[in-house]
Amino acid sequence: MERYAGALEESVDGTRQQERHYQLLSALQSLVKELPSSFQQRLSYTTLSDLALALLDGTVFEIVQGLLEIQHLTEKSLYNQRLRLQNEHRVLRQAMRQKHLEAQQSCRPHNLPVLQAAQQRELEAVEHRIREEQQAMDRKIVLELDRKVADQQSTLEKAGVAGFYVTTNPQELMLQMNLLELIRKLQQRGCQTGKAVL
């Protein structure tokens, strides 16, 4: 008798899983219609079905939420680093202007053109250094964000999420971004637990 009850329970669980898969697949198909047609064509029934299967137990929703939080923290940190650098540059420019002004005020009139020419060269050198430092910071930020994207792709690939693998191809990246947006919209609708009505 216990054996029969266990088999019945497994059958009911299997039916629930199928219903849940169908609900997620229907919701995904509905959401895909909101995407540009070029992406709609690339998201086959099989891809959407595989994505719905990956979403069944809710783990992927938690992973996506965790990745999003990590991304926000990374972006905030990089933004703050850039702001600090800009602030350092602003302070450097102010100090240099002050130094130049004091030098001009204490300079004899006949030496002023020579002083101003030297100060202009110094200003140009400092501005060149500032531009180089800003460009280096921007390159660092882009590299860090690229690494973060690759980490996210790898994590989602390992979690078995359809359409995710490490790539730098812009079209594939857009497709992955659209898949992430679909997952987030399902999450916002409350579909991660299976209790909410789609």
# chains A, B, ... in the order shown; residues from 1 in each chain; ligands from 1
$ closest_atom_pairs --of "stretch 123-160 of chain A" --to "stretch 51-67 of chain A" --cutoff "9 Å" --atoms "only C-alpha atoms" --output "CSV"
residue,atom,partner,partner_atom,distance
A:Gln152,CA,A:Leu67,CA,6.6
A:Thr155,CA,A:Ile63,CA,8.3
A:Leu156,CA,A:Ile63,CA,7.8
A:Ala159,CA,A:Val60,CA,7.1
A:Gly160,CA,A:Ala54,CA,6.3
$ residues_around --residues "stretch 169-173 of chain A" --least-positions-apart "5" --cutoff "12 Å" --atoms "only C-alpha atoms" --output "PDB file with N, CA, C and O atoms, in the first residue's frame"
ATOM      1  N   SER A  38      13.667  40.580 -34.504  1.00  0.00           N
ATOM      2  CA  SER A  38      14.929  39.897 -34.789  1.00  0.00           C
ATOM      3  C   SER A  38      15.302  38.929 -33.666  1.00  0.00           C
ATOM      4  O   SER A  38      15.894  37.867 -33.911  1.00  0.00           O
ATOM      5  N   PHE A  39      14.949  39.275 -32.430  1.00  0.00           N
ATOM      6  CA  PHE A  39      15.237  38.382 -31.305  1.00  0.00           C
ATOM      7  C   PHE A  39      14.158  37.322 -31.148  1.00  0.00           C
ATOM      8  O   PHE A  39      14.444  36.213 -30.716  1.00  0.00           O
ATOM      9  N   ARG A  42      15.069  34.326 -33.065  1.00  0.00           N
ATOM     10  CA  ARG A  42      16.204  33.552 -32.549  1.00  0.00           C
ATOM     11  C   ARG A  42      15.839  32.715 -31.327  1.00  0.00           C
ATOM     12  O   ARG A  42      16.612  31.857 -30.912  1.00  0.00           O
ATOM     13  N   LEU A  43      14.672  32.979 -30.734  1.00  0.00           N
ATOM     14  CA  LEU A  43      14.264  32.235 -29.546  1.00  0.00           C
ATOM     15  C   LEU A  43      13.243  31.160 -29.952  1.00  0.00           C
ATOM     16  O   LEU A  43      12.040  31.386 -29.951  1.00  0.00           O
ATOM     17  N   ASP A 146      33.698  43.657 -18.398  1.00  0.00           N
ATOM     18  CA  ASP A 146      33.766  42.504 -19.307  1.00  0.00           C
ATOM     19  C   ASP A 146      33.995  41.211 -18.526  1.00  0.00           C
ATOM     20  O   ASP A 146      33.391  40.172 -18.818  1.00  0.00           O
ATOM     21  N   VAL A 149      30.753  40.219 -16.870  1.00  0.00           N
ATOM     22  CA  VAL A 149      29.830  39.618 -17.837  1.00  0.00           C
ATOM     23  C   VAL A 149      30.219  38.157 -18.087  1.00  0.00           C
ATOM     24  O   VAL A 149      29.360  37.268 -18.075  1.00  0.00           O
ATOM     25  N   ALA A 150      31.505  37.902 -18.281  1.00  0.00           N
ATOM     26  CA  ALA A 150      31.970  36.525 -18.519  1.00  0.00           C
ATOM     27  C   ALA A 150      31.673  35.641 -17.306  1.00  0.00           C
ATOM     28  O   ALA A 150      31.255  34.487 -17.463  1.00  0.00           O
ATOM     29  N   GLN A 152      29.214  36.069 -15.186  1.00  0.00           N
ATOM     30  CA  GLN A 152      27.767  35.854 -15.178  1.00  0.00           C
ATOM     31  C   GLN A 152      27.378  34.792 -16.212  1.00  0.00           C
ATOM     32  O   GLN A 152      26.580  33.898 -15.928  1.00  0.00           O
ATOM     33  N   GLN A 153      27.953  34.908 -17.407  1.00  0.00           N
ATOM     34  CA  GLN A 153      27.659  33.930 -18.455  1.00  0.00           C
ATOM     35  C   GLN A 153      28.051  32.530 -18.008  1.00  0.00           C
ATOM     36  O   GLN A 153      27.286  31.575 -18.187  1.00  0.00           O
ATOM     37  N   GLY A 163      20.860  29.093 -23.630  1.00  0.00           N
ATOM     38  CA  GLY A 163      21.300  30.307 -24.308  1.00  0.00           C
ATOM     39  C   GLY A 163      22.494  30.988 -23.672  1.00  0.00           C
ATOM     40  O   GLY A 163      22.991  31.981 -24.204  1.00  0.00           O
ATOM     41  N   PHE A 164      22.984  30.464 -22.545  1.00  0.00           N
ATOM     42  CA  PHE A 164      24.100  31.129 -21.865  1.00  0.00           C
ATOM     43  C   PHE A 164      25.379  30.328 -22.004  1.00  0.00           C
ATOM     44  O   PHE A 164      25.421  29.130 -21.736  1.00  0.00           O
ATOM     45  N   ASN A 178      18.437  39.773 -23.470  1.00  0.00           N
ATOM     46  CA  ASN A 178      16.987  39.598 -23.610  1.00  0.00           C
ATOM     47  C   ASN A 178      16.487  38.403 -22.793  1.00  0.00           C
ATOM     48  O   ASN A 178      15.418  38.475 -22.181  1.00  0.00           O
ATOM     49  N   LEU A 179      17.260  37.329 -22.780  1.00  0.00           N
ATOM     50  CA  LEU A 179      16.876  36.169 -21.956  1.00  0.00           C
ATOM     51  C   LEU A 179      16.853  36.549 -20.480  1.00  0.00           C
ATOM     52  O   LEU A 179      15.926  36.172 -19.745  1.00  0.00           O
ATOM     53  N   LEU A 180      17.851  37.296 -20.046  1.00  0.00           N
ATOM     54  CA  LEU A 180      17.873  37.756 -18.653  1.00  0.00           C
ATOM     55  C   LEU A 180      16.669  38.642 -18.346  1.00  0.00           C
ATOM     56  O   LEU A 180      16.076  38.545 -17.273  1.00  0.00           O
TER      57      LEU A 180
END
$ residues_around --residues "A:Arg84" --least-positions-apart "6" --cutoff "12 Å" --atoms "only C-alpha atoms" --output "MDAnalysis selection string"
chainID A and resid 77:78 90:91 133:134 137
$ closest_residue --among "A:His100, A:Gln187, A:Glu181, A:Tyr79" --to "A:Lys140" --atoms "only C-alpha atoms"
A:Tyr79
$ atom_distance --atom1 "atom CA of A:Leu25" --atom2 "atom CA of A:Leu48"
6.4 Å
$ select_by_dssp --residues "chain A" --states "helix (DSSP H, G or I)" --output "PyMOL selection string"
chain A and resi 2-32+37-42+45-55+59-106+109-158+170-188
$ closest_residue --among "A:Ala103, A:Leu73, A:Ser30, A:Ile130" --to "A:Asn87" --atoms "only C-alpha atoms"
A:Ile130
$ atom_distance --atom1 "atom CA of A:Arg129" --atom2 "atom CA of A:Glu102"
23.0 Å
